[in-house]
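Here is my_file.tsv, consisting of TSV, C-alpha atoms:
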chain	number	residue	atom	x	y	z
A	1	MET	CA	152.36	150.44	-44.89
A	2	LYS	CA	155.71	149.12	-46.13
A	3	GLU	CA	157.21	146.56	-43.78
A	4	GLN	CA	160.37	148.57	-43.09
A	5	TYR	CA	158.35	151.58	-41.98
A	6	LYS	CA	155.82	149.93	-39.67
A	7	ARG	CA	157.83	151.03	-36.63
A	8	ILE	CA	156.95	154.69	-37.21
A	9	ALA	CA	153.21	153.88	-37.12
A	10	VAL	CA	153.44	153.10	-33.40
A	11	THR	CA	152.24	156.01	-31.26
A	12	ALA	CA	154.92	157.24	-28.87
A	13	GLU	CA	154.13	157.25	-25.15
A	14	ASN	CA	156.46	160.07	-24.06
A	15	SER	CA	157.84	163.30	-25.45
A	16	ALA	CA	161.37	162.01	-26.11
A	17	ASP	CA	160.11	159.03	-28.13
A	18	ALA	CA	157.63	161.27	-29.99
A	19	ILE	CA	160.37	163.66	-31.08
A	20	SER	CA	162.56	160.73	-32.16
A	21	ARG	CA	159.63	159.35	-34.16
A	22	LEU	CA	159.13	162.65	-35.95
A	23	ALA	CA	162.86	162.97	-36.65
A	24	GLU	CA	162.90	159.49	-38.16
A	25	ILE	CA	159.89	160.30	-40.35
A	26	ILE	CA	161.67	163.40	-41.68
A	27	LYS	CA	164.77	161.35	-42.52
A	28	ILE	CA	162.63	158.83	-44.40
A	29	LEU	CA	160.87	161.60	-46.32
A	30	ARG	CA	164.21	163.13	-47.28
A	31	LYS	CA	165.08	159.83	-48.95
A	32	GLU	CA	161.73	158.76	-50.37
A	33	CYS	CA	159.60	161.86	-51.14
A	34	PRO	CA	160.50	163.88	-54.29
A	35	TRP	CA	159.26	167.15	-52.73
A	36	ASP	CA	161.02	166.72	-49.39
A	37	ARG	CA	164.28	165.77	-51.13
A	38	GLU	CA	164.34	169.14	-52.91
A	39	GLN	CA	163.93	171.31	-49.82
A	40	ASN	CA	166.61	173.41	-48.11
A	41	HIS	CA	166.72	176.07	-45.42
A	42	GLU	CA	165.89	178.82	-47.90
A	43	SER	CA	162.92	177.06	-49.49
A	44	LEU	CA	161.39	176.35	-46.08
A	45	ARG	CA	161.58	179.93	-44.78
A	46	THR	CA	158.04	180.83	-45.84
A	47	CYS	CA	156.68	177.59	-44.37
A	48	LEU	CA	158.17	178.38	-40.97
A	49	LEU	CA	156.72	181.90	-40.99
A	50	GLU	CA	153.27	180.72	-42.09
A	51	GLU	CA	153.13	177.95	-39.51
A	52	SER	CA	154.16	180.37	-36.76
A	53	TYR	CA	151.38	182.78	-37.73
A	54	GLU	CA	148.88	179.92	-37.69
A	55	VAL	CA	149.92	179.14	-34.11
A	56	VAL	CA	149.26	182.75	-33.15
A	57	ASP	CA	145.89	182.62	-34.92
A	58	ALA	CA	144.88	179.49	-32.97
A	59	ILE	CA	145.84	181.23	-29.72
A	60	ASN	CA	143.82	184.32	-30.66
A	61	ARG	CA	140.80	182.14	-31.41
A	62	ASN	CA	141.24	180.22	-28.14
A	63	ASP	CA	141.14	176.95	-30.10
A	64	PRO	CA	143.20	174.35	-28.18
A	65	GLU	CA	142.66	171.56	-30.70
A	66	ASN	CA	143.90	173.69	-33.58
A	67	LEU	CA	146.72	175.02	-31.39
A	68	ARG	CA	147.90	171.46	-30.79
A	69	GLU	CA	147.91	170.82	-34.54
A	70	GLU	CA	149.68	174.08	-35.43
A	71	LEU	CA	152.35	173.62	-32.74
A	72	GLY	CA	153.02	170.24	-34.34
A	73	ASP	CA	153.49	171.95	-37.70
A	74	VAL	CA	156.01	174.38	-36.16
A	75	LEU	CA	157.81	171.47	-34.50
A	76	LEU	CA	157.94	169.75	-37.89
A	77	GLN	CA	159.75	172.79	-39.30
A	78	VAL	CA	162.27	172.80	-36.44
A	79	VAL	CA	163.00	169.09	-36.88
A	80	PHE	CA	163.19	169.49	-40.67
A	81	HIS	CA	165.77	172.30	-40.44
A	82	ALA	CA	167.80	170.33	-37.89
A	83	SER	CA	167.74	167.31	-40.20
A	84	LEU	CA	169.01	169.42	-43.12
A	85	ALA	CA	171.86	170.72	-40.95
A	86	GLU	CA	172.70	167.19	-39.84
A	87	GLU	CA	172.99	166.09	-43.46
A	88	GLU	CA	175.53	168.90	-43.95
A	89	LYS	CA	177.34	167.81	-40.77
A	90	GLN	CA	176.74	171.24	-39.20
A	91	PHE	CA	174.63	170.26	-36.17
A	92	ASP	CA	171.73	167.96	-35.28
A	93	LEU	CA	168.46	168.09	-33.35
A	94	CYS	CA	170.19	167.09	-30.12
A	95	ASP	CA	172.55	170.07	-30.50
A	96	VAL	CA	169.59	172.40	-31.04
A	97	ILE	CA	167.77	171.19	-27.93
A	98	ASN	CA	170.84	171.12	-25.70
A	99	GLU	CA	171.92	174.60	-26.73
A	100	GLU	CA	168.46	175.92	-25.88
A	101	CYS	CA	168.57	174.16	-22.50
A	102	GLU	CA	171.94	175.73	-21.69
A	103	LYS	CA	170.67	179.15	-22.75
A	104	MET	CA	167.61	178.89	-20.51
A	105	ILE	CA	169.75	177.92	-17.54
A	106	ARG	CA	172.17	180.81	-18.14
A	107	ARG	CA	169.39	183.36	-18.56
A	108	HIS	CA	167.49	182.30	-15.44
A	109	PRO	CA	170.09	182.65	-12.68
A	110	HIS	CA	167.27	183.55	-10.27
A	111	VAL	CA	165.90	180.03	-10.78
A	112	PHE	CA	168.93	177.80	-11.30
A	113	LEU	CA	171.64	179.70	-9.39
A	114	GLU	CA	171.90	181.37	-5.99
A	115	GLU	CA	170.53	184.69	-7.21
A	116	ASN	CA	167.36	186.33	-5.93
A	117	LEU	CA	165.43	188.62	-8.28
A	118	LYS	CA	162.14	189.66	-6.76
A	119	THR	CA	160.36	191.51	-9.60
A	120	ILE	CA	159.55	190.87	-13.25
A	121	ASP	CA	161.34	194.10	-14.22
A	122	LYS	CA	164.55	192.90	-12.57
A	123	VAL	CA	164.23	189.51	-14.26
A	124	LEU	CA	163.81	191.16	-17.70
A	125	GLU	CA	166.71	193.54	-17.04
A	126	LYS	CA	168.95	190.62	-16.13
A	127	TRP	CA	167.77	188.71	-19.21
A	128	GLU	CA	168.71	191.60	-21.51
A	129	ASN	CA	172.11	192.06	-19.80
A	130	ILE	CA	172.91	188.39	-20.25
A	131	LYS	CA	171.83	188.50	-23.92
A	132	VAL	CA	174.15	191.46	-24.58
A	133	LYS	CA	177.04	189.72	-22.82
A	134	GLU	CA	176.46	186.50	-24.76
A	135	SER	CA	176.29	188.23	-28.13
A	136	GLY	CA	179.41	190.29	-27.51
A	137	GLN	CA	177.79	193.31	-29.16
A	138	PRO	CA	180.35	196.13	-28.80
A	139	ASP	CA	177.93	199.07	-29.07
A	140	ASN	CA	174.28	200.06	-28.89
A	141	THR	CA	173.89	200.31	-32.66
A	142	SER	CA	174.69	196.61	-32.92
A	143	ARG	CA	171.77	195.87	-30.61
A	144	LEU	CA	169.44	197.70	-33.00
A	145	GLU	CA	170.91	195.98	-36.04
A	146	LYS	CA	170.43	192.62	-34.34
A	147	VAL	CA	166.63	192.96	-34.44
A	148	PRO	CA	165.69	190.59	-37.31
A	149	ARG	CA	164.65	192.19	-40.60
A	150	ALA	CA	162.33	189.23	-41.16
A	151	LEU	CA	160.02	190.42	-38.38
A	152	PRO	CA	156.78	192.16	-39.39
A	153	ALA	CA	157.72	195.81	-39.90
A	154	LEU	CA	155.55	197.16	-37.05
A	155	ILE	CA	157.05	194.71	-34.57
A	156	ARG	CA	160.60	195.38	-35.75
A	157	ALA	CA	160.09	199.16	-35.51
A	158	GLU	CA	158.79	198.86	-31.95
A	159	LYS	CA	161.69	196.65	-30.86
A	160	VAL	CA	164.26	199.01	-32.40
A	161	GLN	CA	162.64	202.01	-30.71
A	162	LYS	CA	162.56	200.20	-27.36
A	163	LYS	CA	166.27	199.37	-27.53
A	164	ALA	CA	167.07	202.99	-28.43
A	165	ALA	CA	164.92	204.17	-25.51
A	166	ASP	CA	166.79	201.82	-23.16
A	167	VAL	CA	169.92	203.98	-23.57
A	168	GLY	CA	168.04	207.27	-23.18
A	169	PHE	CA	167.26	208.13	-26.81
A	170	ASP	CA	163.61	208.90	-26.13
A	171	TRP	CA	161.16	211.62	-25.15
A	172	ASP	CA	159.91	211.88	-21.58
A	173	GLU	CA	156.23	211.73	-22.52
A	174	VAL	CA	153.87	211.15	-25.44
A	175	THR	CA	153.17	214.74	-26.58
A	176	PRO	CA	156.40	215.20	-28.64
A	177	ALA	CA	155.73	211.80	-30.20
A	178	LEU	CA	152.28	212.97	-31.27
A	179	ASP	CA	153.82	216.19	-32.62
A	180	LYS	CA	156.20	214.06	-34.67
A	181	VAL	CA	153.24	212.24	-36.25
A	182	GLU	CA	151.83	215.60	-37.38
A	183	GLU	CA	155.24	216.68	-38.70
A	184	GLU	CA	155.62	213.48	-40.71
A	185	MET	CA	152.09	213.80	-42.07
A	186	SER	CA	152.93	217.30	-43.31
A	187	GLU	CA	156.09	216.00	-45.00
A	188	LEU	CA	154.10	213.20	-46.64
A	189	ARG	CA	151.69	215.78	-48.07
A	190	GLU	CA	154.65	217.66	-49.51
A	191	ALA	CA	156.01	214.45	-51.03
A	192	LEU	CA	152.65	213.80	-52.69
A	193	GLN	CA	153.03	217.15	-54.46
A	194	SER	CA	156.56	216.40	-55.64
A	195	GLY	CA	155.56	213.32	-57.61
A	196	ASP	CA	158.73	211.46	-56.53
A	197	GLY	CA	157.87	207.83	-55.77
A	198	HIS	CA	160.89	207.27	-53.54
A	199	ASP	CA	160.09	210.38	-51.48
A	200	ARG	CA	156.54	209.16	-50.99
A	201	MET	CA	157.74	205.77	-49.83
A	202	GLU	CA	160.26	207.30	-47.44
A	203	GLU	CA	157.85	209.81	-45.93
A	204	LEU	CA	155.13	207.19	-45.53
A	205	GLY	CA	157.67	205.01	-43.74
A	206	ASP	CA	158.57	207.92	-41.46
A	207	LEU	CA	154.88	208.44	-40.66
A	208	LEU	CA	154.35	204.77	-39.82
A	209	PHE	CA	157.50	204.72	-37.68
A	210	SER	CA	156.30	207.76	-35.71
A	211	VAL	CA	152.86	206.17	-35.17
A	212	VAL	CA	154.56	203.04	-33.79
A	213	ASN	CA	156.44	205.31	-31.40
A	214	VAL	CA	153.15	206.74	-30.12
A	215	ALA	CA	151.84	203.20	-29.66
A	216	ARG	CA	154.91	202.38	-27.58
A	217	PHE	CA	154.30	205.36	-25.30
A	218	LEU	CA	150.66	204.35	-24.89
A	219	LYS	CA	151.71	200.73	-24.18
A	220	VAL	CA	149.56	199.58	-27.09
A	221	ASP	CA	150.80	196.76	-29.30
A	222	PRO	CA	150.72	198.33	-32.81
A	223	GLU	CA	150.32	194.92	-34.44
A	224	GLU	CA	147.29	194.14	-32.28
A	225	ALA	CA	145.86	197.62	-32.80
A	226	LEU	CA	146.09	197.35	-36.59
A	227	THR	CA	144.68	193.82	-36.56
A	228	PHE	CA	141.75	195.02	-34.44
A	229	THR	CA	141.05	197.87	-36.86
A	230	THR	CA	141.34	195.61	-39.91
A	231	ASP	CA	138.82	193.20	-38.38
A	232	LYS	CA	136.54	196.16	-37.63
A	233	PHE	CA	136.84	197.30	-41.26
A	234	ILE	CA	135.81	193.83	-42.47
A	235	ARG	CA	132.74	193.81	-40.18
A	236	ARG	CA	131.60	197.21	-41.44
A	237	PHE	CA	132.30	196.26	-45.05
A	238	ALA	CA	130.19	193.13	-44.51
A	239	TYR	CA	127.35	195.31	-43.20
A	240	ILE	CA	127.46	197.45	-46.35
A	241	GLU	CA	127.35	194.39	-48.61
A	242	LYS	CA	124.55	192.76	-46.59
A	243	GLU	CA	122.40	195.90	-46.74
A	244	ALA	CA	123.06	196.32	-50.44
A	245	MET	CA	122.05	192.73	-51.15
A	246	ALA	CA	118.89	193.20	-49.06
A	247	CYS	CA	117.94	195.96	-51.52
A	248	GLY	CA	118.77	193.79	-54.50
A	249	ARG	CA	121.89	195.78	-55.38
A	250	ARG	CA	125.57	195.06	-55.91
A	251	MET	CA	128.25	197.14	-54.20
A	252	GLU	CA	129.90	197.67	-57.57
A	253	ASP	CA	126.77	199.52	-58.74
A	254	MET	CA	126.55	201.80	-55.69
A	255	SER	CA	128.08	205.26	-55.41
A	256	LEU	CA	130.75	205.96	-52.82
A	257	SER	CA	128.31	208.31	-51.10
A	258	GLU	CA	125.74	205.53	-50.74
A	259	MET	CA	128.32	203.13	-49.36
A	260	ASP	CA	129.65	205.79	-47.00
A	261	SER	CA	126.15	206.30	-45.63
A	262	LEU	CA	125.86	202.57	-44.87
A	263	TRP	CA	129.34	202.68	-43.35
A	264	ASN	CA	128.16	205.34	-40.91
A	265	GLN	CA	125.14	203.19	-40.09
A	266	ALA	CA	127.49	200.31	-39.30
A	267	LYS	CA	129.52	202.58	-37.00
A	268	LEU	CA	126.38	203.76	-35.20
A	269	ARG	CA	125.12	200.21	-34.82
A	270	ALA	CA	128.45	199.11	-33.35
A	271	CYS	CA	128.32	201.97	-30.82
A	272	GLU	CA	124.77	201.02	-29.79
A	273	GLU	CA	125.78	197.37	-29.31
A	274	ALA	CA	128.91	198.24	-27.30

Reformat the file's structure so that it appears as structure tokens.
Amino acid sequence: MKEQYKRIAVTAENSADAISRLAEIIKILRKECPWDREQNHESLRTCLLEESYEVVDAINRNDPENLREELGDVLLQVVFHASLAEEEKQFDLCDVINEECEKMIRRHPHVFLEENLKTIDKVLEKWENIKVKESGQPDNTSRLEKVPRALPALIRAEKVQKKAADVGFDWDEVTPALDKVEEEMSELREALQSGDGHDRMEELGDLLFSVVNVARFLKVDPEEALTFTTDKFIRRFAYIEKEAMACGRRMEDMSLSEMDSLWNQAKLRACEEA
């Protein structure tokens, strides 16, 4: 290692020193590494999203070692963005951390102030009220518009629906929501007959939005539900391929009817194992 950089090779013994070490490494890379020199907030957007998803994946797999690594990758992104802002004299990492500390203190008056909230529902209600007050949003539409467009579409739809429901724009129970799914399915069928690509896109979006609404009523996370079903599809697909290979055949050479028969076998096998 170059003499001037040997200090960063020393393992930090506390969190504050570790963060300072990482921040210093980023500053060195911004000067010395051709790739890091070219980065900006926009070019790093995808990296931040991907690293965040990898954290979630490590949590889902209950893999603490990988979780530790992936959290480090997310922290790297936070420090990198703060370093870019510091170069532009906008803010620095200390500003980022302090602002988050102040926000947590403000939004937890039941912990840091003389306020007693006894239930989780009351805590969440207070949290939302404080957020609205902080943002200065003048109307309910602004609260919907504030939900980030960068969120996965299912998550964003659910959050928008929840905020609309908070002000009373909602059905009392799930049946009308289910009826809406059937209505949107009918309209999608009509759009398929029209041959208009935009109509198809719009009606499919309406159908997905209505399904998310049903999920909200059922207190089912639509993202988790779709992930579960996708994983199930992969397992059953794997069964079809395995059985085909056992017979010396390729899936590409099988008819849809043959594959569908194996699919049903995979379903039956899953039910028997459940």

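Across the model, the gap from atom CA of A:Ile97 to atom CA of A:Ala82 is 10.0 Å.
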
Item to complete: Choose the residue, out of A:Asn129, A:Met201, A:Val211, A:His110, that has the smallest atom-to-atom separation from A:Leu226; count all atoms listed in the file.
Response: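 Checking each of A:Asn129, A:Met201, A:Val211, A:His110 against A:Leu226, counting all atoms listed in the file, the winner is A:Val211.
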
Using only C-alpha atoms, I'd like a table of the residues in stretch 146-238 of chain A that come within 10 Å of stretch 253-272 of chain A; for each, show the closest atom pair and its distance in Å rounded to one decimal, ordered by chain and ascending number, as a tab-separated table.
residue	atom	partner	partner_atom	distance
A:Lys232	CA	A:Lys267	CA	9.5
A:Phe233	CA	A:Trp263	CA	9.5
A:Arg235	CA	A:Ala266	CA	8.4
A:Arg236	CA	A:Ala266	CA	5.6
A:Phe237	CA	A:Trp263	CA	7.3
A:Ala238	CA	A:Ala266	CA	9.3

Worksheet item: Within 10 Å of A:Leu93, counting only C-alpha atoms, which residues qualify if same-chain residues fewer than 6 places away don't, as number ranges by chain?
Response: A: 19-20, 23, 78-86, 99

Mind dumping the selected residues with C-alpha atoms as a CSV table (one decimal), in the coordinates of the input?
chain,number,residue,atom,x,y,z
A,19,ILE,CA,160.4,163.7,-31.1
A,20,SER,CA,162.6,160.7,-32.2
A,23,ALA,CA,162.9,163.0,-36.6
A,78,VAL,CA,162.3,172.8,-36.4
A,79,VAL,CA,163.0,169.1,-36.9
A,80,PHE,CA,163.2,169.5,-40.7
A,81,HIS,CA,165.8,172.3,-40.4
A,82,ALA,CA,167.8,170.3,-37.9
A,83,SER,CA,167.7,167.3,-40.2
A,84,LEU,CA,169.0,169.4,-43.1
A,85,ALA,CA,171.9,170.7,-41.0
A,86,GLU,CA,172.7,167.2,-39.8
A,99,GLU,CA,171.9,174.6,-26.7

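If you measure from each of A:Val132, A:Gln90, A:Ile59, A:Glu38 to A:Arg107 using all atoms listed in the file, the closest one turns out to be A:Val132.
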
Discussion item. Excluding stretch 182-197 of chain A and its own-chain neighbours fewer than 3 positions away, which residues fall within 12 Å of it when counting only C-alpha atoms? Please give them as a PyMOL selection string.
Written reply: chain A and resi 175-179+200-211+214

Item to complete: Might you pull out every residue within 8 Å of A:Ala12, with all atoms listed in the file counted and same-chain residues fewer than 5 positions away left off, and present them as a ChimeraX atom specification?
Response: /A:17-18,21

Worksheet entry | Atom pair atom CA of A:Arg106 / atom CA of A:Thr119: separation (Å) | 18.1 Å

Worksheet item: Of the candidates A:His108, A:Phe91, A:Val96, A:Arg45, which shows the shortest atom-to-atom distance to A:Lys131, using all atoms listed in the file?
Response: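 The answer is A:His108, which sits nearest to A:Lys131.
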
Worksheet item: Counting all atoms listed in the file, what is within 12 Å of A:Ile130, bar same-chain residues fewer than 5 positions away, as an MDAnalysis selection string?
Response: chainID A and resid 103:109 123:125 135:137

File dump, residues just selected, C-alpha atoms, as an mmCIF file, in the frame of the given file:
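Final file, part_4.cif:
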data_model
loop_
_atom_site.group_PDB
_atom_site.id
_atom_site.type_symbol
_atom_site.label_atom_id
_atom_site.label_comp_id
_atom_site.auth_asym_id
_atom_site.auth_seq_id
_atom_site.Cartn_x
_atom_site.Cartn_y
_atom_site.Cartn_z
ATOM 1 C CA LYS A 103 170.670 179.150 -22.750
ATOM 2 C CA MET A 104 167.610 178.890 -20.510
ATOM 3 C CA ILE A 105 169.750 177.920 -17.540
ATOM 4 C CA ARG A 106 172.170 180.810 -18.140
ATOM 5 C CA ARG A 107 169.390 183.360 -18.560
ATOM 6 C CA HIS A 108 167.490 182.300 -15.440
ATOM 7 C CA PRO A 109 170.090 182.650 -12.680
ATOM 8 C CA VAL A 123 164.230 189.510 -14.260
ATOM 9 C CA LEU A 124 163.810 191.160 -17.700
ATOM 10 C CA GLU A 125 166.710 193.540 -17.040
ATOM 11 C CA SER A 135 176.290 188.230 -28.130
ATOM 12 C CA GLY A 136 179.410 190.290 -27.510
ATOM 13 C CA GLN A 137 177.790 193.310 -29.160
#

As lines of an AutoDock Vina configuration file, what would the box around stretch 62-78 of chain A look like: edges along x, y and z, 4 Å added on every side, centre and edge lengths in Å to one decimal?
center_x = 151.7
center_y = 175.0
center_z = -33.7
size_x = 29.1
size_y = 18.5
size_z = 19.2

Worksheet item: Which distance in Å separates atom CA of A:Val160 and atom CA of A:Thr229, to one decimal?
Response: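 Distance reported for this atom pair: 23.7 Å.
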
Discussion item. Which residues are close to A:Cys47, i.e. within 12 Å by all atoms listed in the file, leaving aside same-chain residues fewer than 4 positions away? Reply as a list in words.
Written reply: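 Near neighbours after the sequence-gap exclusion: Gln39, Asn40, His41, Glu42, Ser43, Glu51, Ser52, Tyr53, Glu54, Glu70, Asp73, Val74, Leu75, Leu76, Gln77, Val78, Phe80 and His81 of chain A.
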
Selection export as a PDB file, in the coordinates of the input, atoms kept: C-alpha atoms:
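Saved as out10.pdb:
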ATOM      1  CA  GLN A  39     163.930 171.310 -49.820  1.00  0.00           C
ATOM      2  CA  ASN A  40     166.610 173.410 -48.110  1.00  0.00           C
ATOM      3  CA  HIS A  41     166.720 176.070 -45.420  1.00  0.00           C
ATOM      4  CA  GLU A  42     165.890 178.820 -47.900  1.00  0.00           C
ATOM      5  CA  SER A  43     162.920 177.060 -49.490  1.00  0.00           C
ATOM      6  CA  GLU A  51     153.130 177.950 -39.510  1.00  0.00           C
ATOM      7  CA  SER A  52     154.160 180.370 -36.760  1.00  0.00           C
ATOM      8  CA  TYR A  53     151.380 182.780 -37.730  1.00  0.00           C
ATOM      9  CA  GLU A  54     148.880 179.920 -37.690  1.00  0.00           C
ATOM     10  CA  GLU A  70     149.680 174.080 -35.430  1.00  0.00           C
ATOM     11  CA  ASP A  73     153.490 171.950 -37.700  1.00  0.00           C
ATOM     12  CA  VAL A  74     156.010 174.380 -36.160  1.00  0.00           C
ATOM     13  CA  LEU A  75     157.810 171.470 -34.500  1.00  0.00           C
ATOM     14  CA  LEU A  76     157.940 169.750 -37.890  1.00  0.00           C
ATOM     15  CA  GLN A  77     159.750 172.790 -39.300  1.00  0.00           C
ATOM     16  CA  VAL A  78     162.270 172.800 -36.440  1.00  0.00           C
ATOM     17  CA  PHE A  80     163.190 169.490 -40.670  1.00  0.00           C
ATOM     18  CA  HIS A  81     165.770 172.300 -40.440  1.00  0.00           C
TER      19      HIS A  81
END
